[in-house]
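Have a look at start_22.cif below; it lists mmCIF, C-alpha atoms.
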data_entry
loop_
_atom_site.label_atom_id
_atom_site.label_comp_id
_atom_site.auth_asym_id
_atom_site.auth_seq_id
_atom_site.Cartn_x
_atom_site.Cartn_y
_atom_site.Cartn_z
CA MET A 974 130.75 76.29 -16.54
CA ASN A 975 133.89 76.61 -18.68
CA LYS A 976 132.09 77.48 -21.88
CA ARG A 977 133.59 80.06 -24.21
CA ILE A 978 131.22 82.81 -25.34
CA LEU A 979 132.09 84.83 -28.44
CA ILE A 980 130.44 88.28 -28.17
CA ILE A 981 130.54 90.41 -31.31
CA ASP A 982 129.97 94.14 -31.70
CA ALA A 983 127.99 93.62 -34.91
CA LEU A 984 127.96 97.12 -36.42
CA ASN A 985 131.66 97.56 -35.73
CA MET A 986 132.42 94.33 -37.59
CA TYR A 987 129.93 94.98 -40.39
CA PHE A 988 131.40 98.43 -41.10
CA ARG A 989 134.88 96.92 -41.13
CA ALA A 990 133.81 94.33 -43.70
CA TYR A 991 131.87 96.89 -45.75
CA ILE A 992 134.87 99.21 -46.00
CA VAL A 993 137.62 96.62 -46.43
CA ASP A 994 136.14 93.73 -48.42
CA PRO A 995 135.94 94.47 -52.19
CA SER A 996 133.79 91.44 -52.99
CA LEU A 997 131.32 91.72 -55.84
CA SER A 998 128.48 89.33 -56.52
CA THR A 999 128.37 87.30 -59.70
CA ASN A 1000 125.93 89.99 -60.87
CA GLY A 1001 128.51 92.72 -60.24
CA ASP A 1002 126.93 94.19 -57.07
CA PRO A 1003 128.98 94.99 -53.92
CA ILE A 1004 128.49 92.27 -51.27
CA GLY A 1005 131.63 92.83 -49.16
CA GLY A 1006 129.62 93.88 -46.10
CA VAL A 1007 127.62 90.68 -45.78
CA LYS A 1008 130.10 88.20 -47.26
CA GLY A 1009 133.05 89.87 -45.50
CA PHE A 1010 131.23 89.73 -42.16
CA LEU A 1011 130.58 86.00 -42.55
CA LYS A 1012 134.19 85.41 -43.55
CA ILE A 1013 135.40 87.28 -40.44
CA LEU A 1014 132.88 85.37 -38.30
CA GLN A 1015 134.22 82.07 -39.63
CA LYS A 1016 137.80 83.16 -38.93
CA LEU A 1017 136.86 84.14 -35.37
CA MET A 1018 135.15 80.79 -34.89
CA ARG A 1019 138.27 79.00 -36.10
CA GLU A 1020 140.49 81.00 -33.72
CA THR A 1021 138.32 81.01 -30.59
CA LYS A 1022 136.34 77.73 -30.92
CA PRO A 1023 133.24 79.14 -29.17
CA ASP A 1024 130.47 77.18 -27.49
CA HIS A 1025 128.01 80.07 -27.93
CA VAL A 1026 128.03 83.12 -30.22
CA VAL A 1027 126.31 86.42 -29.46
CA ILE A 1028 125.91 89.12 -32.09
CA ALA A 1029 124.75 92.48 -30.70
CA TRP A 1030 123.31 95.27 -32.86
CA ASP A 1031 122.40 98.85 -31.96
CA GLY A 1032 118.65 99.07 -31.48
CA GLN A 1033 116.64 101.81 -33.20
CA GLY A 1034 117.03 105.02 -31.20
CA GLY A 1035 119.76 103.37 -29.14
CA SER A 1036 121.71 106.58 -28.55
CA THR A 1037 118.66 108.71 -27.63
CA ARG A 1038 119.27 108.59 -23.87
CA LYS A 1039 122.95 109.42 -24.21
CA LYS A 1040 122.18 112.25 -26.65
CA SER A 1041 119.85 113.68 -24.02
CA LEU A 1042 122.95 114.03 -21.81
CA ASN A 1043 125.10 115.42 -24.64
CA LYS A 1044 123.45 116.57 -27.89
CA GLY A 1045 126.77 116.26 -29.71
CA TYR A 1046 127.16 112.56 -28.89
CA LYS A 1047 128.32 110.71 -32.05
CA GLU A 1048 127.73 113.78 -34.20
CA GLY A 1049 130.05 114.70 -37.06
CA ARG A 1050 131.04 111.17 -38.08
CA LYS A 1051 132.09 110.80 -41.69
CA PRO A 1052 129.77 108.67 -43.86
CA LEU A 1053 131.03 105.19 -44.65
CA ARG A 1054 132.15 104.55 -48.21
CA LEU A 1055 132.64 101.31 -50.08
CA ASN A 1056 136.05 99.74 -50.47
CA ARG A 1057 138.13 102.14 -52.54
CA GLY A 1058 138.73 99.42 -55.12
CA ILE A 1059 135.05 99.55 -56.11
CA GLN A 1060 134.19 103.17 -55.33
CA GLY A 1061 132.34 104.88 -58.15
CA LEU A 1062 130.60 101.67 -59.15
CA LEU A 1063 127.32 102.98 -57.70
CA SER A 1064 125.74 106.41 -57.34
CA ASP A 1065 125.45 107.83 -53.81
CA ASN A 1066 121.79 106.76 -53.55
CA GLU A 1067 122.53 103.31 -54.94
CA GLU A 1068 125.43 102.91 -52.52
CA LEU A 1069 123.19 103.82 -49.56
CA GLU A 1070 120.52 101.36 -50.69
CA ASN A 1071 123.16 98.66 -51.15
CA LYS A 1072 124.63 99.26 -47.69
CA ILE A 1073 121.20 98.97 -46.04
CA TRP A 1074 120.34 95.87 -48.11
CA GLN A 1075 123.60 94.17 -47.12
CA GLN A 1076 123.06 94.81 -43.41
CA THR A 1077 119.45 93.62 -43.58
CA ARG A 1078 120.50 90.55 -45.54
CA LEU A 1079 123.22 89.79 -43.00
CA VAL A 1080 120.63 89.73 -40.20
CA GLU A 1081 118.65 87.21 -42.27
CA TYR A 1082 121.71 84.97 -42.66
CA ILE A 1083 122.45 84.99 -38.94
CA ASN A 1084 118.81 84.21 -38.14
CA MET A 1085 119.34 80.88 -39.96
CA MET A 1086 122.12 79.92 -37.54
CA PRO A 1087 122.15 78.80 -33.86
CA ILE A 1088 123.43 82.22 -32.79
CA SER A 1089 122.00 84.66 -30.24
CA GLN A 1090 121.38 87.76 -32.34
CA ILE A 1091 120.24 90.58 -30.05
CA MET A 1092 118.80 93.98 -30.90
CA ILE A 1093 116.87 95.91 -28.23
CA PRO A 1094 115.00 99.11 -29.19
CA GLU A 1095 116.56 102.27 -27.71
CA VAL A 1096 119.59 100.30 -26.47
CA GLU A 1097 123.10 100.50 -27.93
CA ALA A 1098 125.06 97.35 -28.66
CA ASP A 1099 127.63 98.44 -26.06
CA ASP A 1100 125.06 98.08 -23.29
CA VAL A 1101 123.81 94.74 -24.63
CA ILE A 1102 127.37 93.40 -24.73
CA ALA A 1103 128.05 94.68 -21.21
CA GLN A 1104 124.89 93.01 -19.93
CA VAL A 1105 125.79 89.68 -21.53
CA ALA A 1106 129.39 89.81 -20.26
CA GLN A 1107 128.20 90.46 -16.71
CA LEU A 1108 125.38 87.92 -16.51
CA PRO A 1109 125.81 86.16 -13.13
CA TYR A 1110 125.27 82.68 -14.57
CA LEU A 1111 128.16 83.28 -17.01
CA LYS A 1112 130.56 84.44 -14.31
CA GLU A 1113 132.89 81.45 -14.78
CA ALA A 1114 132.52 81.27 -18.57
CA GLN A 1115 135.25 82.62 -20.83
CA LYS A 1116 133.97 85.70 -22.67
CA VAL A 1117 135.67 87.05 -25.80
CA ILE A 1118 134.40 90.49 -26.84
CA VAL A 1119 135.24 91.34 -30.46
CA SER A 1120 135.46 95.07 -31.20
CA SER A 1121 137.96 97.82 -31.90
CA ASP A 1122 136.06 100.13 -29.54
CA LYS A 1123 137.98 101.15 -26.41
CA ASP A 1124 134.70 101.39 -24.48
CA PHE A 1125 134.94 97.66 -23.82
CA PHE A 1126 138.28 97.86 -22.00
CA GLN A 1127 136.31 98.53 -18.81
CA LEU A 1128 134.68 95.09 -19.09
CA CYS A 1129 137.95 93.14 -18.94
CA SER A 1130 138.08 90.77 -16.00
CA ASP A 1131 139.51 87.41 -14.96
CA SER A 1132 137.04 85.79 -17.38
CA THR A 1133 136.62 88.46 -20.09
CA ILE A 1134 139.10 89.52 -22.77
CA ILE A 1135 138.92 91.93 -25.72
CA LEU A 1136 139.87 90.81 -29.23
CA ARG A 1137 140.62 93.80 -31.49
CA PRO A 1138 140.88 92.54 -35.10
CA ILE A 1139 141.88 95.88 -36.66
CA GLN A 1140 144.67 96.44 -34.15
CA LYS A 1141 145.54 92.72 -34.19
CA GLU A 1142 145.74 92.48 -30.42
CA VAL A 1143 144.12 90.60 -27.57
CA LEU A 1144 143.80 92.45 -24.27
CA ASN A 1145 143.18 91.03 -20.85
CA GLN A 1146 143.03 92.73 -17.47
CA ARG A 1147 146.79 92.61 -16.88
CA LYS A 1148 147.69 93.89 -20.35
CA ILE A 1149 145.38 96.88 -20.00
CA VAL A 1150 146.99 97.87 -16.69
CA ASP A 1151 150.48 97.40 -18.16
CA LYS A 1152 149.68 99.30 -21.36
CA PHE A 1153 147.66 102.22 -19.97
CA GLY A 1154 148.42 102.32 -16.25
CA VAL A 1155 144.68 102.17 -15.59
CA HIS A 1156 142.69 99.21 -14.26
CA PRO A 1157 139.56 98.20 -16.23
CA ASN A 1158 137.50 99.08 -13.14
CA ASN A 1159 138.65 102.68 -13.53
CA PHE A 1160 138.88 102.87 -17.32
CA ALA A 1161 135.52 104.54 -17.81
CA LEU A 1162 136.54 107.22 -15.31
CA ALA A 1163 139.86 107.79 -17.05
CA ARG A 1164 138.19 108.08 -20.45
CA ALA A 1165 135.55 110.41 -19.02
CA MET A 1166 138.40 112.76 -18.17
CA ALA A 1167 140.35 112.22 -21.40
CA GLY A 1168 137.28 112.34 -23.67
CA ASP A 1169 136.51 110.34 -26.80
CA LYS A 1170 136.93 112.02 -30.20
CA SER A 1171 135.29 109.11 -32.04
CA ASP A 1172 132.03 109.76 -30.14
CA ASN A 1173 132.48 113.56 -30.19
CA LEU A 1174 132.83 113.71 -26.41
CA PRO A 1175 135.34 116.42 -25.41
CA GLY A 1176 137.51 115.75 -22.38
CA VAL A 1177 139.29 117.93 -19.87
CA PRO A 1178 141.80 120.24 -21.63
CA GLY A 1179 145.35 118.92 -21.44
CA VAL A 1180 144.30 115.54 -20.06
CA GLY A 1181 145.16 112.22 -21.72
CA LEU A 1182 145.38 108.62 -20.55
CA LYS A 1183 149.17 108.86 -20.18
CA SER A 1184 149.03 111.97 -18.01
CA LEU A 1185 146.26 110.47 -15.89
CA ALA A 1186 148.25 107.29 -15.28
CA LYS A 1187 151.28 109.37 -14.29
CA ARG A 1188 149.49 111.84 -12.02
CA PHE A 1189 146.95 109.44 -10.50
CA PRO A 1190 148.70 106.06 -10.07
CA PHE A 1191 145.86 104.81 -7.87
CA LEU A 1192 143.78 104.40 -11.06
CA ALA A 1193 145.82 101.24 -11.70
CA GLU A 1194 144.36 99.67 -8.57
CA GLU A 1195 141.47 97.20 -8.69
CA GLU A 1196 139.38 99.36 -6.36
CA PHE A 1197 136.70 101.44 -8.07
CA TYR A 1198 137.24 105.21 -7.88
CA ASN A 1199 134.84 107.96 -8.91
CA THR A 1200 134.96 111.60 -10.01
CA ASP A 1201 134.74 112.86 -6.42
CA ASP A 1202 137.82 110.84 -5.49
CA VAL A 1203 139.87 112.34 -8.33
CA VAL A 1204 138.66 115.90 -7.70
CA SER A 1205 139.41 115.52 -4.00
CA GLU A 1206 142.92 114.31 -4.85
CA CYS A 1207 143.43 117.35 -7.11
CA LYS A 1208 142.40 119.73 -4.32
CA ASP A 1209 144.79 118.09 -1.86
CA ILE A 1210 147.83 118.23 -4.16
CA ASP A 1211 150.09 121.26 -3.76
CA SER A 1212 151.14 121.78 -7.36
CA ASP A 1213 151.01 124.46 -10.05
CA LEU A 1214 150.42 121.88 -12.80
CA LYS A 1215 147.41 122.90 -14.87
CA ILE A 1216 146.01 119.36 -15.05
CA TYR A 1217 144.80 119.46 -11.44
CA GLN A 1218 142.99 122.79 -11.78
CA ASN A 1219 141.49 121.78 -15.12
CA ILE A 1220 140.00 118.63 -13.60
CA ILE A 1221 138.52 120.60 -10.71
CA GLU A 1222 136.99 123.15 -13.10
CA ASN A 1223 135.54 120.42 -15.36
CA GLU A 1224 134.02 118.19 -12.69
CA LYS A 1225 130.54 118.49 -14.23
CA LEU A 1226 131.85 117.49 -17.69
CA ILE A 1227 133.61 114.44 -16.26
CA LYS A 1228 130.47 113.25 -14.48
CA GLN A 1229 128.41 113.75 -17.64
CA ASN A 1230 130.92 111.83 -19.77
CA TYR A 1231 131.04 109.06 -17.20
CA LYS A 1232 127.26 108.59 -17.35
CA ILE A 1233 127.54 108.16 -21.12
CA MET A 1234 130.67 105.98 -21.17
CA GLN A 1235 130.30 103.62 -18.23
CA LEU A 1236 129.16 100.06 -18.94
CA TYR A 1237 129.41 98.67 -15.41
CA ALA A 1238 125.67 99.27 -15.00
CA PRO A 1239 124.23 99.01 -18.55
CA SER A 1240 121.43 101.42 -19.44
CA ILE A 1241 118.75 98.81 -20.11
CA SER A 1242 115.21 98.49 -18.78
CA ILE A 1243 114.14 95.48 -16.72
CA GLN A 1244 112.20 94.23 -19.74
CA GLY A 1245 115.27 94.65 -21.97
CA LYS A 1246 117.45 92.75 -19.53
CA GLN A 1247 114.91 89.94 -19.46
CA LYS A 1248 114.94 89.77 -23.28
CA ILE A 1249 118.73 89.44 -23.23
CA PHE A 1250 118.58 86.74 -20.55
CA ASN A 1251 115.97 84.83 -22.55
CA ALA A 1252 118.03 85.12 -25.74
CA MET A 1253 121.02 83.68 -23.94
CA THR A 1254 119.32 80.87 -22.04
CA SER A 1255 116.72 79.83 -24.63
CA LEU A 1256 118.85 79.59 -27.76
CA ASP A 1257 117.00 78.91 -30.98
CA CYS A 1258 118.93 75.87 -32.14
CA SER A 1259 117.57 75.78 -35.66
CA PHE A 1260 120.27 75.62 -38.32
CA ASN A 1261 119.07 75.79 -41.89
CA LYS A 1262 122.29 75.11 -43.79
CA THR A 1263 120.44 74.31 -47.01
CA GLU A 1264 118.64 77.67 -46.99
CA ILE A 1265 121.85 79.55 -46.17
CA ILE A 1266 123.61 77.96 -49.16
CA LYS A 1267 120.62 78.85 -51.34
CA MET A 1268 120.79 82.46 -50.12
CA MET A 1269 124.53 82.57 -50.88
CA ASN A 1270 123.86 81.30 -54.39
CA ASP A 1271 121.05 83.80 -54.90
CA ASP A 1272 123.30 86.63 -53.70
CA GLY A 1273 126.13 85.58 -55.98
CA PHE A 1274 128.73 84.74 -53.33
CA GLY A 1275 130.69 82.49 -55.65
CA ALA A 1276 132.79 79.56 -54.48
CA TYR A 1277 134.12 79.67 -50.91
CA ASP A 1278 134.93 77.14 -48.18
CA TRP A 1279 132.47 77.62 -45.30
CA SER A 1280 133.25 74.30 -43.55
CA THR A 1281 134.37 75.90 -40.27
CA LEU A 1282 131.15 77.92 -40.09
CA TRP A 1283 129.05 74.78 -40.60
CA GLN A 1284 131.09 72.75 -38.07
CA THR A 1285 130.92 75.45 -35.41
CA CYS A 1286 127.16 75.78 -35.80
CA GLN A 1287 126.84 72.03 -35.26
CA HIS A 1288 129.10 72.26 -32.20
CA ILE A 1289 127.00 75.07 -30.74
CA ILE A 1290 123.85 72.96 -31.16
CA PHE A 1291 125.57 70.02 -29.45
CA GLU A 1292 126.69 72.18 -26.51
CA ASN A 1293 123.43 74.09 -25.96
CA CYS A 1294 120.49 72.04 -27.21
#

Translate this file's structure into structure tokens.
Amino acid sequence: MNKRILIIDALNMYFRAYIVDPSLSTNGDPIGGVKGFLKILQKLMRETKPDHVVIAWDGQGGSTRKKSLNKGYKEGRKPLRLNRGIQGLLSDNEELENKIWQQTRLVEYINMMPISQIMIPEVEADDVIAQVAQLPYLKEAQKVIVSSDKDFFQLCSDSTIILRPIQKEVLNQRKIVDKFGVHPNNFALARAMAGDKSDNLPGVPGVGLKSLAKRFPFLAEEEFYNTDDVVSECKDIDSDLKIYQNIIENEKLIKQNYKIMQLYAPSISIQGKQKIFNAMTSLDCSFNKTEIIKMMNDDGFGAYDWSTLWQTCQHIIFENC
């Protein structure tokens, strides 16, 4: 079971393409989100040579449960804007319609390929990706998670790595410990204390990953630790440093953040987990290359070499069907 599974945080990659790629269709409409995504996908296929590709989207209402724990979760994010090279081409309403059309169209493209595209109602892509990465039957498979989101650091293991295209880095278990002084098994706990500005989750005042690694070196160990362990350590330490008292006083906040951030036990119903398992083990091996090319022509993609995309789709069919 030495297959390589490419697992993509779809919205993260789509937004990256939408913002960065200035592509216009032959009709003059922005198509950087959909075309840019497929170009990135092809590049990833070329670099990783996967035997199976999983693309995970946020399901409708996916953050509802986490917002019930913290109403400010993911609030205050700035709206995405088109690549600056083509800003002003559309009105605000036209830009919104175009962004939605591109994402919807992208889903249609992927549905034509032998790829496991997963979207579970009321489940975030993070939880879907965590569930896939931890499927028992894939324990020995090589998993490559593609995302710039630090939430996935906690999923690194002997068989799972994180590829961060924006940062141009690949992280494995050892690199995360060396870089942050925190083991993936304790990364959710460390981030629960440090907070996450991108998700509008405040942390303990005066606490960052560097200070946590320095003051609590046991977080670099493979053993799982929890909030009670850290609070107990703070109470036992004879020190006037504010960090210890702040952690003790914010125990409730840390536990709340941890419930939101941890991916070791994904927040998915039994039915949702079964859907993910079925999507992974019963791959739809249909590959309608002719229709995809027709769609690209209709959408005004223009000339581009998609040979690696076609070859990888054929390889996936050979390996799984």

Could you produce a table of the residues of segment 1182-1280 of chain A lying within 6 Å of segment 1134-1158 of chain A, with the nearest pair of atoms per residue and their separation in Å rounded to one decimal, using all atoms listed in the file, ordered by chain and increasing residue number, as a Markdown table?
| residue | atom | partner | partner_atom | distance |
| --- | --- | --- | --- | --- |
| A:Ala1186 | CA | A:Gly1154 | CA | 5.1 |
| A:Leu1192 | CA | A:Val1155 | CA | 5.1 |
| A:Ala1193 | CA | A:Val1155 | CA | 4.2 |
| A:Glu1194 | CA | A:His1156 | CA | 5.9 |
| A:Phe1197 | CA | A:Asn1158 | CA | 5.6 |

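What separates atom CA of Leu1185 of chain A from atom CA of Ala1098 of chain A is a distance of 28.0 Å.
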
Since I can't run it myself right now, could you work out what the PyMOL selection byres ((chain A and resi 1028) around 9) selects here and report it as a PDB file with C-alpha atoms, in the frame of the given file?
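This went into part.pdb:
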ATOM      1  CA  LEU A 979     132.090  84.830 -28.440  1.00  0.00           C
ATOM      2  CA  ILE A 980     130.440  88.280 -28.170  1.00  0.00           C
ATOM      3  CA  ILE A 981     130.540  90.410 -31.310  1.00  0.00           C
ATOM      4  CA  ASP A 982     129.970  94.140 -31.700  1.00  0.00           C
ATOM      5  CA  ALA A 983     127.990  93.620 -34.910  1.00  0.00           C
ATOM      6  CA  VAL A1026     128.030  83.120 -30.220  1.00  0.00           C
ATOM      7  CA  VAL A1027     126.310  86.420 -29.460  1.00  0.00           C
ATOM      8  CA  ALA A1029     124.750  92.480 -30.700  1.00  0.00           C
ATOM      9  CA  TRP A1030     123.310  95.270 -32.860  1.00  0.00           C
ATOM     10  CA  ILE A1083     122.450  84.990 -38.940  1.00  0.00           C
ATOM     11  CA  ILE A1088     123.430  82.220 -32.790  1.00  0.00           C
ATOM     12  CA  SER A1089     122.000  84.660 -30.240  1.00  0.00           C
ATOM     13  CA  GLN A1090     121.380  87.760 -32.340  1.00  0.00           C
ATOM     14  CA  ILE A1091     120.240  90.580 -30.050  1.00  0.00           C
ATOM     15  CA  MET A1092     118.800  93.980 -30.900  1.00  0.00           C
ATOM     16  CA  ALA A1098     125.060  97.350 -28.660  1.00  0.00           C
ATOM     17  CA  ILE A1102     127.370  93.400 -24.730  1.00  0.00           C
TER      18      ILE A1102
END

Checklist entry - Any chance you could work out the residue set of the PyMOL selection byres ((chain A and resi 1259) around 9) here, as a PyMOL selection string? => result chain A and resi 1084-1087+1256-1258+1260-1261+1290

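Look at everything within 7 Å of (131.6, 112.1, -31.6) using only C-alpha atoms, and the residues you get are Gly1045, Tyr1046, Lys1047, Glu1048, Gly1049, Arg1050, Lys1170, Ser1171, Asp1172, Asn1173 and Leu1174 of chain A.
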
Now that the selection is made, can you save its residues with C-alpha atoms as a PDB file, keeping the file's coordinate frame?
ATOM      1  CA  GLY A1045     126.770 116.260 -29.710  1.00  0.00           C
ATOM      2  CA  TYR A1046     127.160 112.560 -28.890  1.00  0.00           C
ATOM      3  CA  LYS A1047     128.320 110.710 -32.050  1.00  0.00           C
ATOM      4  CA  GLU A1048     127.730 113.780 -34.200  1.00  0.00           C
ATOM      5  CA  GLY A1049     130.050 114.700 -37.060  1.00  0.00           C
ATOM      6  CA  ARG A1050     131.040 111.170 -38.080  1.00  0.00           C
ATOM      7  CA  LYS A1170     136.930 112.020 -30.200  1.00  0.00           C
ATOM      8  CA  SER A1171     135.290 109.110 -32.040  1.00  0.00           C
ATOM      9  CA  ASP A1172     132.030 109.760 -30.140  1.00  0.00           C
ATOM     10  CA  ASN A1173     132.480 113.560 -30.190  1.00  0.00           C
ATOM     11  CA  LEU A1174     132.830 113.710 -26.410  1.00  0.00           C
TER      12      LEU A1174
END

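Candidate residues A:Ser1120, A:Thr1263, A:Thr1021, A:Asn1159 were compared for distance to Lys976 of chain A, and the nearest is A:Thr1021, using only C-alpha atoms.
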